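What follows is the content of input_11.txt (compact mmCIF, C-alpha atoms).
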# COMPACT_ATOMS: atom_id res chain seq x y z
CA MET A 613 147.01 130.59 159.35
CA ARG A 614 144.10 132.98 159.86
CA THR A 615 145.07 133.53 163.49
CA VAL A 616 148.63 134.60 162.56
CA ALA A 617 149.23 138.26 161.78
CA GLY A 618 152.15 140.18 160.36
CA PRO A 619 154.84 138.87 158.03
CA GLU A 620 154.45 135.34 159.42
CA ALA A 621 150.99 135.10 157.84
CA GLY A 622 152.36 135.93 154.41
CA ALA A 623 155.23 133.49 154.88
CA LEU A 624 152.85 130.69 155.84
CA GLU A 625 150.61 131.45 152.87
CA ALA A 626 153.63 131.46 150.54
CA ARG A 627 154.82 128.13 151.93
CA ALA A 628 151.35 126.61 151.51
CA ARG A 629 151.26 127.72 147.87
CA ALA A 630 154.78 126.42 147.34
CA LEU A 631 153.74 123.03 148.68
CA ALA A 632 150.82 123.05 146.25
CA VAL A 633 153.24 123.62 143.37
CA LEU A 634 155.47 120.81 144.63
CA ARG A 635 152.45 118.50 144.88
CA ILE A 636 151.80 119.11 141.17
CA ARG A 637 155.41 118.14 140.47
CA SER A 638 155.03 115.00 142.58
CA THR A 639 151.78 114.13 140.81
CA ALA A 640 153.45 114.42 137.41
CA LEU A 641 156.25 112.17 138.63
CA ALA A 642 153.75 109.64 139.97
CA VAL A 643 151.88 109.58 136.65
CA ALA A 644 155.16 108.93 134.82
CA LEU A 645 156.06 106.08 137.20
CA LEU A 646 152.60 104.47 137.24
CA PRO A 647 153.10 102.30 134.11
CA ALA A 648 156.48 101.18 135.46
CA ALA A 649 154.85 100.21 138.75
CA ALA A 650 152.20 98.20 136.89
CA ALA A 651 154.92 96.45 134.89
CA VAL A 652 156.83 95.59 138.06
CA VAL A 653 153.68 94.14 139.63
CA LEU A 654 152.99 91.99 136.58
CA LEU A 655 156.56 90.75 136.35
CA ALA A 656 156.74 90.01 140.06
CA GLY A 657 153.39 88.22 139.95
CA SER A 658 154.54 86.14 136.99
CA ALA A 659 157.76 85.20 138.76
CA THR A 660 155.92 84.09 141.88
CA GLY A 661 153.05 82.48 139.97
CA SER A 662 150.39 84.58 141.70
CA ILE A 663 149.36 86.48 138.55
CA GLY A 664 148.88 84.40 135.42
CA GLY A 665 151.37 81.82 134.39
CA SER A 666 154.47 81.57 132.28
CA GLN A 667 152.59 79.43 129.70
CA ASP A 668 149.54 81.71 129.55
CA GLU A 669 149.86 83.61 126.26
CA GLY A 670 147.33 86.28 127.28
CA TRP A 671 149.20 87.27 130.43
CA THR A 672 152.52 87.09 128.60
CA ALA A 673 151.30 89.48 125.91
CA LEU A 674 149.89 91.80 128.58
CA ARG A 675 153.22 91.81 130.43
CA TRP A 676 155.11 92.67 127.26
CA VAL A 677 152.66 95.43 126.33
CA VAL A 678 152.71 96.99 129.80
CA THR A 679 156.51 96.69 130.07
CA GLY A 680 157.04 98.24 126.65
CA GLY A 681 154.60 101.05 127.42
CA ALA A 682 156.31 101.67 130.75
CA LEU A 683 159.71 101.96 129.03
CA VAL A 684 158.33 104.43 126.49
CA VAL A 685 156.71 106.53 129.21
CA LEU A 686 159.91 106.50 131.26
CA LEU A 687 161.96 107.59 128.25
CA LEU A 688 159.53 110.41 127.48
CA ALA A 689 159.46 111.50 131.12
CA ALA A 690 163.26 111.41 131.29
CA ALA A 691 163.47 113.54 128.14
CA VAL A 692 161.04 116.11 129.53
CA ALA A 693 162.82 116.16 132.89
CA ALA A 694 166.19 116.60 131.20
CA VAL A 695 164.95 119.59 129.21
CA VAL A 696 163.35 121.16 132.30
CA VAL A 697 166.47 120.68 134.41
CA ARG A 698 168.99 121.74 131.76
CA ALA A 699 167.04 124.67 130.30
CA ARG A 700 168.60 127.89 131.54
CA PRO A 701 166.07 130.43 132.85
CA ALA A 702 166.21 133.94 131.48
CA LEU A 703 168.85 136.12 133.12
CA THR A 704 168.64 139.89 133.18
CA PRO A 705 171.77 141.57 131.76
CA THR A 706 173.31 143.60 134.57
CA VAL A 707 176.58 145.14 135.67
CA PRO A 708 177.88 143.04 138.61
CA VAL A 709 179.28 144.98 141.55
CA ALA A 710 182.17 143.31 143.35
CA GLU A 711 182.46 143.87 147.08
CA GLU A 712 185.91 145.45 146.79
CA THR A 713 184.49 148.07 144.41
CA ALA A 714 181.60 149.02 146.75
CA PRO A 715 182.35 148.02 150.37
CA ASP A 716 180.10 150.74 151.79
CA LEU A 717 177.16 149.62 149.66
CA TYR A 718 177.62 146.01 150.75
CA GLN A 719 177.85 147.09 154.36
CA LEU A 720 174.62 149.10 154.02
CA ILE A 721 172.81 146.06 152.60
CA ARG A 722 174.22 143.84 155.37
CA ASP A 723 173.06 146.25 158.06
CA LEU A 724 169.64 146.51 156.42
CA ALA A 725 169.29 142.71 156.26
CA GLU A 726 170.33 142.46 159.90
CA ARG A 727 167.69 144.98 160.93
CA LEU A 728 165.09 143.08 158.94
CA GLU A 729 166.30 139.74 160.38
CA VAL A 730 166.66 138.17 156.94
CA PRO A 731 169.66 136.74 155.05
CA ALA A 732 171.71 139.24 153.11
CA PRO A 733 171.66 139.04 149.29
CA SER A 734 174.43 136.95 147.79
CA ALA A 735 175.61 139.74 145.48
CA ILE A 736 174.70 143.17 144.12
CA ALA A 737 174.28 144.21 140.49
CA LEU A 738 173.20 147.36 138.66
CA THR A 739 170.65 147.69 135.88
CA PRO A 740 170.02 150.72 133.64
CA ASP A 741 166.37 150.93 134.64
CA CYS A 742 164.27 152.57 137.33
CA ASP A 743 163.48 149.40 139.24
CA SER A 744 164.99 147.12 141.87
CA TRP A 745 164.36 143.44 142.51
CA LEU A 746 165.80 140.13 143.70
CA GLU A 747 166.97 137.69 141.03
CA ASP A 748 167.70 134.04 141.64
CA ARG A 749 170.89 132.91 139.91
CA THR A 750 171.28 129.50 141.50
CA HIS A 751 170.73 127.56 138.27
CA PRO A 752 173.73 125.31 137.46
CA ALA A 753 174.20 127.09 134.12
CA HIS A 754 174.48 130.41 135.96
CA ALA A 755 176.94 128.88 138.42
CA ASN A 756 179.08 127.57 135.56
CA ARG A 757 179.10 131.03 134.02
CA ARG A 758 180.26 132.55 137.31
CA GLU A 759 183.11 130.04 137.47
CA ARG A 760 184.21 130.95 133.95
CA ARG A 761 184.10 134.62 134.83
CA ASP A 762 186.17 134.01 137.97
CA ARG A 763 188.81 132.36 135.76
CA GLY A 764 188.93 135.48 133.61
CA ALA A 765 186.37 134.69 130.92
CA LEU A 766 183.38 136.97 130.46
CA ALA A 767 179.88 135.71 129.74
CA VAL A 768 178.17 136.83 126.56
CA ASP A 769 175.10 138.11 128.35
CA GLU A 770 177.01 140.45 130.62
CA PRO A 771 178.75 143.70 129.68
CA ARG A 772 182.50 143.65 129.44
CA PRO A 773 184.67 146.10 131.38
CA VAL A 774 184.62 149.50 129.73
CA ARG A 775 187.88 150.71 128.25
CA GLY A 776 188.38 154.43 128.21
CA ALA A 777 190.79 156.75 126.46
CA ARG A 778 193.39 156.37 129.21
CA GLY A 779 193.62 152.62 129.03
CA PRO A 780 191.56 149.81 130.52
CA GLY A 781 189.28 150.88 133.28
CA PRO A 782 188.82 148.90 136.47
CA ALA A 783 186.82 145.76 136.02
CA VAL A 784 183.37 146.14 137.40
CA GLY A 785 183.87 142.79 139.07
CA ALA A 786 182.34 139.44 139.60
CA ASP A 787 179.58 138.47 141.93
CA ARG A 788 180.81 138.01 145.47
CA VAL A 789 178.90 136.13 148.11
CA VAL A 790 177.87 138.31 151.03
CA ASP A 791 176.87 135.47 153.31
CA ARG A 792 177.73 131.94 152.19
CA PRO A 793 174.94 129.55 153.12
CA GLU A 794 175.65 126.14 154.49
CA ARG A 795 176.08 123.27 152.08
CA GLY A 796 172.68 122.16 150.79
CA ALA A 797 170.87 125.34 151.86
CA PRO A 798 169.31 127.60 149.18
CA ARG A 799 171.60 130.43 148.10
CA ALA A 800 170.30 133.94 148.62
CA PRO A 801 169.28 135.82 145.45
CA VAL A 802 171.16 138.70 143.85
CA LEU A 803 170.01 142.24 144.63
CA VAL A 804 169.57 144.22 141.39
CA ILE A 805 169.48 148.01 141.88
CA GLY A 806 168.42 150.55 139.29
CA SER A 807 171.40 152.76 138.55
CA PRO A 808 169.32 156.01 138.35
CA PHE A 809 168.28 155.40 141.96
CA LEU A 810 171.88 154.99 143.04
CA TRP A 811 172.92 158.30 141.50
CA TRP A 812 169.88 160.46 142.25
CA MET A 813 168.83 159.29 145.71
CA ARG A 814 170.51 160.00 149.00
CA VAL A 815 171.88 157.17 151.14
CA ALA A 816 168.98 157.20 153.59
CA GLU A 817 166.43 157.28 150.77
CA LEU A 818 168.08 154.34 149.03
CA ARG A 819 168.10 152.32 152.25
CA ALA A 820 164.39 153.00 152.78
CA LEU A 821 163.57 152.15 149.17
CA LEU A 822 165.47 148.86 149.24
CA ALA A 823 164.05 147.69 152.58
CA PRO A 824 161.01 145.85 151.09
CA VAL A 825 163.22 144.34 148.39
CA VAL A 826 165.86 143.04 150.80
CA ALA A 827 163.12 141.72 153.08
CA GLY A 828 162.18 139.31 150.30
CA THR A 829 165.37 137.30 150.84
CA GLY A 830 163.79 135.68 153.89
CA PRO A 831 161.13 133.71 151.96
CA SER A 832 163.52 133.25 149.01
CA VAL A 833 165.85 130.99 151.00
CA HIS A 834 163.05 128.81 152.35
CA PRO A 835 163.59 125.31 150.88
CA ASP A 836 159.98 124.78 149.78
CA ILE A 837 159.61 128.22 148.19
CA ALA A 838 163.01 127.94 146.52
CA SER A 839 162.15 124.49 145.09
CA ALA A 840 158.77 125.70 143.82
CA ARG A 841 160.33 128.72 142.14
CA ARG A 842 163.05 126.60 140.59
CA PHE A 843 160.44 124.19 139.21
CA VAL A 844 158.30 126.96 137.71
CA ARG A 845 161.32 128.70 136.17
CA GLY A 846 162.47 125.40 134.71
CA LEU A 847 159.09 124.84 133.10
CA ASP A 848 159.08 128.36 131.67
CA ALA A 849 162.58 127.89 130.27
CA ALA A 850 161.59 124.50 128.82
CA VAL A 851 158.69 126.14 126.96
CA ALA A 852 161.15 128.63 125.45
CA VAL A 853 163.57 125.84 124.49
CA ALA A 854 160.75 123.86 122.91
CA ALA A 855 159.66 126.91 120.91
CA ARG A 856 163.18 127.28 119.51
CA GLY A 857 163.63 123.54 118.96
CA GLY A 858 161.37 123.45 115.93
CA GLU A 859 163.50 125.91 113.96
CA PRO A 860 165.32 124.46 110.96
CA SER A 861 168.91 123.48 111.72
CA SER A 862 171.95 123.93 109.49
CA GLY A 863 173.65 120.62 108.95
CA PRO A 864 174.13 117.78 106.50
CA ALA A 865 170.45 116.82 106.67
CA PRO A 866 168.54 119.82 108.06
CA ALA A 867 165.17 118.59 106.84
CA LEU A 868 165.56 115.18 108.48
CA VAL A 869 166.87 116.67 111.73
CA ALA A 870 164.02 119.19 111.82
CA ALA A 871 161.49 116.43 111.15
CA VAL A 872 162.75 114.54 114.21
CA ARG A 873 163.30 117.53 116.49
CA ARG A 874 160.01 119.27 115.79
CA PRO A 875 157.63 116.59 117.21
CA ALA A 876 159.98 115.85 120.11
CA PHE A 877 160.20 119.43 121.22
CA ALA A 878 156.50 119.93 120.53
CA PHE A 879 155.76 117.14 123.02
CA VAL A 880 158.13 118.65 125.59
CA GLY A 881 156.51 122.05 125.15
CA TRP A 882 153.03 120.58 125.51
CA VAL A 883 153.92 118.84 128.76
CA ALA A 884 155.66 121.95 130.14
CA ARG A 885 152.70 124.20 129.25
CA LEU A 886 150.30 121.69 130.82
CA LEU A 887 152.26 121.74 134.07
CA LEU A 888 152.57 125.52 133.94
CA ARG A 889 148.81 125.90 133.65
CA GLY A 890 148.41 123.72 136.72
CA CYS A 891 151.01 125.72 138.69
CA ARG A 892 150.05 129.19 137.45
CA ASP A 893 147.52 130.17 140.09
CA HIS A 894 149.50 128.72 142.99
CA ALA A 895 152.74 130.35 141.79
CA ALA A 896 151.06 133.74 141.41
CA GLU A 897 149.54 133.54 144.88
CA MET A 898 152.88 132.42 146.29
CA GLU A 899 154.63 135.49 144.86
CA ARG A 900 151.88 137.78 146.19
CA ALA A 901 152.25 136.25 149.64
CA VAL A 902 156.03 136.67 149.50
CA ALA A 903 155.64 140.33 148.51
CA ALA A 904 153.09 140.90 151.26
CA ALA A 905 155.33 139.31 153.87
CA ALA A 906 158.32 141.37 152.72
CA SER A 907 156.32 144.60 152.75
CA GLU A 908 154.94 143.86 156.21
CA ARG A 909 158.40 143.12 157.58
CA ALA A 910 159.90 146.26 156.02
CA GLN A 911 157.40 148.57 157.71
CA THR A 912 159.57 148.60 160.80
CA VAL A 913 162.52 150.13 158.89
CA ASP A 914 162.40 153.76 157.68
CA TYR A 915 158.72 153.63 156.81
CA GLY A 916 158.25 157.40 156.86
CA LEU A 917 161.33 158.04 154.77
CA ARG A 918 160.11 155.49 152.24
CA ILE A 919 157.22 157.77 151.32
CA VAL A 920 159.69 160.53 150.46
CA ALA A 921 161.81 158.04 148.52
CA GLN A 922 158.80 157.00 146.43
CA GLU A 923 158.41 160.62 145.32
CA GLN A 924 162.01 160.58 144.12
CA VAL A 925 161.31 157.35 142.23
CA GLY A 926 158.76 159.12 140.05
CA LEU A 927 161.08 162.06 139.47
CA ALA A 928 164.01 159.79 138.60
CA TYR A 929 161.86 157.75 136.22
CA ALA A 930 160.66 160.87 134.38
CA GLY A 931 164.18 162.26 134.08
CA TRP A 932 165.61 158.91 132.96
CA ASP A 933 162.95 158.39 130.29
CA ARG A 934 163.39 161.89 128.92
CA LEU A 935 167.18 161.56 128.87
CA LEU A 936 167.03 158.30 126.92
CA THR A 937 164.51 159.47 124.33
CA ARG A 938 165.69 163.07 123.84
CA VAL A 939 169.44 162.91 124.45
CA ALA A 940 170.80 159.37 124.28
CA LEU A 941 168.79 158.11 121.30
CA PRO A 942 170.18 160.68 118.79
CA ALA A 943 173.71 159.79 119.89
CA TRP A 944 173.04 156.05 119.60
CA ARG A 945 171.79 156.50 116.04
CA MET A 946 175.10 158.17 115.15
CA GLY A 947 177.21 155.38 116.59
CA ARG A 948 178.05 157.26 119.80
CA TRP A 949 176.90 156.47 123.32
CA PRO A 950 176.94 158.95 126.24
CA SER A 951 179.34 157.56 128.82
CA ARG A 952 177.71 159.24 131.86
CA LEU A 953 173.96 158.71 131.59
CA ASP A 954 173.37 158.54 135.35
CA ALA A 955 175.38 161.71 135.93
CA GLY A 956 173.31 163.36 133.21
CA VAL A 957 170.10 162.45 135.01
CA VAL A 958 171.41 163.96 138.24
CA SER A 959 172.49 167.16 136.48
CA ALA A 960 169.15 167.59 134.71
CA LEU A 961 167.05 166.87 137.79
CA THR A 962 169.23 169.10 139.96
CA GLU A 963 168.81 172.00 137.55
CA LEU A 964 165.07 171.36 137.45
CA SER A 965 164.78 171.30 141.24
CA ARG A 966 166.69 174.56 141.57
CA ARG A 967 164.66 176.57 139.08
CA ASP A 968 161.21 175.05 139.62
CA ARG A 969 159.30 176.67 142.44
CA LEU A 970 157.28 173.50 142.92
CA ALA A 971 160.49 171.61 143.68
CA GLU A 972 161.87 173.88 146.39
CA GLY A 973 161.83 170.99 148.86
CA PHE A 974 164.26 169.00 146.71
CA THR A 975 167.11 171.49 147.05
CA SER A 976 167.57 170.80 150.77
CA ARG A 977 168.23 167.10 150.13
CA LEU A 978 171.04 167.86 147.69
CA SER A 979 173.35 168.65 150.59
CA GLU A 980 173.03 165.08 151.88
CA ARG A 981 175.37 162.30 150.81
CA PRO A 982 174.37 160.78 147.44
CA ALA A 983 174.07 157.01 147.25
CA CYS A 984 176.64 156.80 144.44
CA ASP A 985 179.30 157.73 147.01
CA LEU A 986 178.91 154.17 148.28
CA LEU A 987 180.86 153.07 145.19
CA GLU A 988 184.64 153.26 145.03
CA GLU A 989 184.64 154.11 141.30
CA PRO A 990 181.24 155.62 140.42
CA GLY A 991 182.56 156.84 137.06
CA ALA A 992 183.50 153.34 135.91
CA MET A 993 180.13 151.99 137.04
CA ASP A 994 178.29 154.80 135.27
CA GLU A 995 180.20 154.08 132.07
CA ALA A 996 179.43 150.36 132.27
CA THR A 997 175.71 150.91 132.88
CA SER A 998 175.60 153.51 130.09
CA LEU A 999 177.06 151.00 127.64
CA LEU A 1000 174.58 148.36 128.85
CA ALA A 1001 171.70 150.82 128.40
CA ALA A 1002 172.77 151.43 124.79
CA ARG A 1003 172.93 147.69 124.25
CA LEU A 1004 169.50 146.99 125.77
CA PHE A 1005 167.50 149.97 124.51
CA HIS A 1006 169.13 150.42 121.11
CA GLY A 1007 170.80 147.12 120.25
CA GLY A 1008 174.35 148.41 120.18
CA PRO A 1009 177.39 146.14 120.37
CA PRO A 1010 178.62 145.03 123.81
CA GLU A 1011 182.03 146.68 123.38
CA PRO A 1012 183.24 150.09 122.15
CA GLY A 1013 184.77 150.23 118.71
CA PRO A 1014 185.60 152.59 115.83
CA ASP A 1015 181.92 152.91 114.92
CA TRP A 1016 180.66 152.71 118.51
CA SER A 1017 182.61 155.11 120.72
CA PRO A 1018 181.71 156.94 123.96
CA VAL A 1019 181.06 160.67 124.11
CA ASP A 1020 181.36 162.93 127.16
CA TRP A 1021 178.77 165.56 127.97
CA GLY A 1022 181.29 168.33 127.27
CA ALA A 1023 181.73 167.11 123.69
CA TYR A 1024 178.07 166.21 123.16
CA PRO A 1025 176.95 169.55 121.58
CA GLU A 1026 179.74 169.52 119.01
CA GLU A 1027 179.86 165.81 118.22
CA VAL A 1028 176.16 165.00 118.34
CA VAL A 1029 173.98 168.11 118.16
CA ASP A 1030 175.97 169.97 115.49
CA ARG A 1031 176.46 166.79 113.52
CA LYS A 1032 172.75 166.08 113.63
CA TRP A 1033 171.92 169.59 112.44
CA ARG A 1034 174.42 169.30 109.60
CA GLN A 1035 172.91 165.97 108.55
CA GLU A 1036 169.40 167.39 108.62
CA ALA A 1037 170.52 170.47 106.69
CA ALA A 1038 172.22 168.30 104.06
CA ARG A 1039 169.11 166.16 103.78
CA LEU A 1040 166.92 169.25 103.37
CA ASN A 1041 169.20 170.68 100.67
CA ARG A 1042 169.17 167.38 98.83
CA LEU A 1043 165.38 167.27 98.87
CA LEU A 1044 165.17 170.86 97.64
CA ASP A 1045 167.59 170.11 94.79
CA GLU A 1046 165.56 167.07 93.79
CA ARG A 1047 162.40 169.21 93.86
CA ASP A 1048 163.98 171.88 91.62
CA ASP A 1049 165.19 169.26 89.16
CA ALA A 1050 161.72 167.74 89.00
CA HIS A 1051 160.08 171.11 88.19
CA GLU A 1052 162.66 172.22 85.58
CA PRO A 1053 161.28 172.14 81.98
CA VAL A 1054 162.64 169.36 79.85
CA GLY A 1055 163.73 171.45 76.82
CA ALA A 1056 164.71 174.62 78.68
CA ALA A 1057 168.15 176.03 77.82
CA PRO A 1058 170.51 176.75 80.68
CA ALA A 1059 170.75 180.39 81.72
Write-out of the structure in structure tokens:
Amino acid sequence: MRTVAGPEAGALEARARALAVLRIRSTALAVALLPAAAAVVLLAGSATGSIGGSQDEGWTALRWVVTGGALVVLLLAAAVAAVVVRARPALTPTVPVAEETAPDLYQLIRDLAERLEVPAPSAIALTPDCDSWLEDRTHPAHANRRERRDRGALAVDEPRPVRGARGPGPAVGADRVVDRPERGAPRAPVLVIGSPFLWWMRVAELRALLAPVVAGTGPSVHPDIASARRFVRGLDAAVAVAARGGEPSSGPAPALVAAVRRPAFAFVGWVARLLLRGCRDHAAEMERAVAAAASERAQTVDYGLRIVAQEQVGLAYAGWDRLLTRVALPAWRMGRWPSRLDAGVVSALTELSRRDRLAEGFTSRLSERPACDLLEEPGAMDEATSLLAARLFHGGPPEPGPDWSPVDWGAYPEEVVDRKWRQEAARLNRLLDERDDAHEPVGAAPA
């Protein structure tokens, strides 16, 4: 591996670390099967007469003890394995982008994956954050949720389609597979794109920024790396399930149920944490090797433009953070949520770049095609991500309602700023009245 250079070296290192994680899984399985193997040997030896005899009470007792212990160990191992397999890993709430709502964006990602010689992501989603990553959603629970959504049901951890004043808006869509893998092959992860990037950056800048991220799909579909990641995520989810399993339940006998569930889930959590500690270093090194291989592979695609795109990342992050804390938060506290947060970031940063002498170089890029033009309905996507941002950063409900309605930027000064000033003025007057009443003499006659 030392004689190999380039992305192949990182891929080989990642595969070696993945095999180390899988060896830990195999070792745990072997430890669980060891008592059963000993019981089989004793029973087979007793049947053939080579180990002890049927009338020997010592060997008979030993066979019963070993067989009983093996059954207990197998039951405990099966319980732990069932929790690890069935526990659903954490899933980031996002706005899924269907291919029919963004054909140009899907085509850009396909062309980028082809240039990088890696599989294309299975789907694209947006997040109200200044970050982009690949997310594996191959867990059976995630697949069942996608099937329910395809039949018309919406999952609870995903935003529902935004309904505007003119009726129901277009559904932001379900995940669509870009390249279906063959049966039995690992499915490519989902590409999650930060919505501020999509609105502020130009098309070429977005392509350069996403190149290292898309390059990570190559190692992600490797069977060994995919199995190691799935095992580690299952252990992490099992620890979370075990932590929640000790909570008191509401039922006919909550105390009895909690007394049984608490030690069982405590044992599952202990085993999962023990395996996680053994896998931690190898898993961390595997992810570093995957990132190194993806970065090395992406250097051949728009490397110079990526430096310019990184400057825009910092600017977009600063504008997004300021917009959330100074503009969106007051509206959220009043039960209103700005329906065009990403457009607000673009407007603020554009005004800043035009009036700031230090940002004169940014004005020339504004004539280029923005990345949000890759969407068929950027307004609907902006509204969906704005509602998701209010839900994630403020804890608002997932759907608009009488006490949770959208507000456009044109109505923001009147419906949010003026209302806030009136509330503050009323609060100040109330405090002044209370202060005057407190300082008024008790026996003083009214004037």
Task: Surrounding residues of Ala827 of chain A excluding itself and chain neighbours under 4 positions, 10 Å, only C-alpha atoms, as a PyMOL selection string - done: chain A and resi 724-733+746+822-823+831-832+902-903+905-910
What separates atom CA of Arg892 of chain A and atom CA of Leu687 of chain A is a distance of 26.3 Å
**Å distance separating atom CA of Gly681 of chain A from atom CA of Gly661 of chain A, one decimal place** =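 These atoms are spaced 22.5 Å apart.
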note - atom CA of Ala955 of chain A and atom CA of Gly1008 of chain A are separated by 20.6 Å
**Message:** For a quick check of understanding, using only C-alpha atoms, which of A:Ser658, A:Gly846, A:Ala693, A:Thr713 has the smallest distance to His751 of chain A?
**Reply:**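 Selected residue with least distance to His751 of chain A: A:Gly846.
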Restricting to all atoms listed in the file, whichever of A:Gly680, A:Glu711, A:Val833, A:Gly670 is closest to Thr750 of chain A is A:Val833
Requested in this report: Would you be able to write out as a VMD selection string which residues have an atom within 8 Å of (177.7, 157.7, 112.1) in the file's coordinates, counting all atoms listed in the file?
Outcome: chain A and resid 945 to 948 1015
Notebook entry, point to check: Smallest atom-to-atom distance to Ala1023 of chain A: which of A:Thr672, A:Thr704, A:Ser951, A:Ser807, using all atoms listed in the file?
Noted result: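 Residue with the minimum atom-to-atom distance to Ala1023 of chain A: A:Ser951.
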Q: Write out as a ChimeraX atom specification each polymer residue whose atoms come within 12 Å of Trp745 of chain A, counting only C-alpha atoms; drop sequence neighbours fewer than 5 positions from it.
A: /A:704,706,733,736-739,801-806,821-829,903
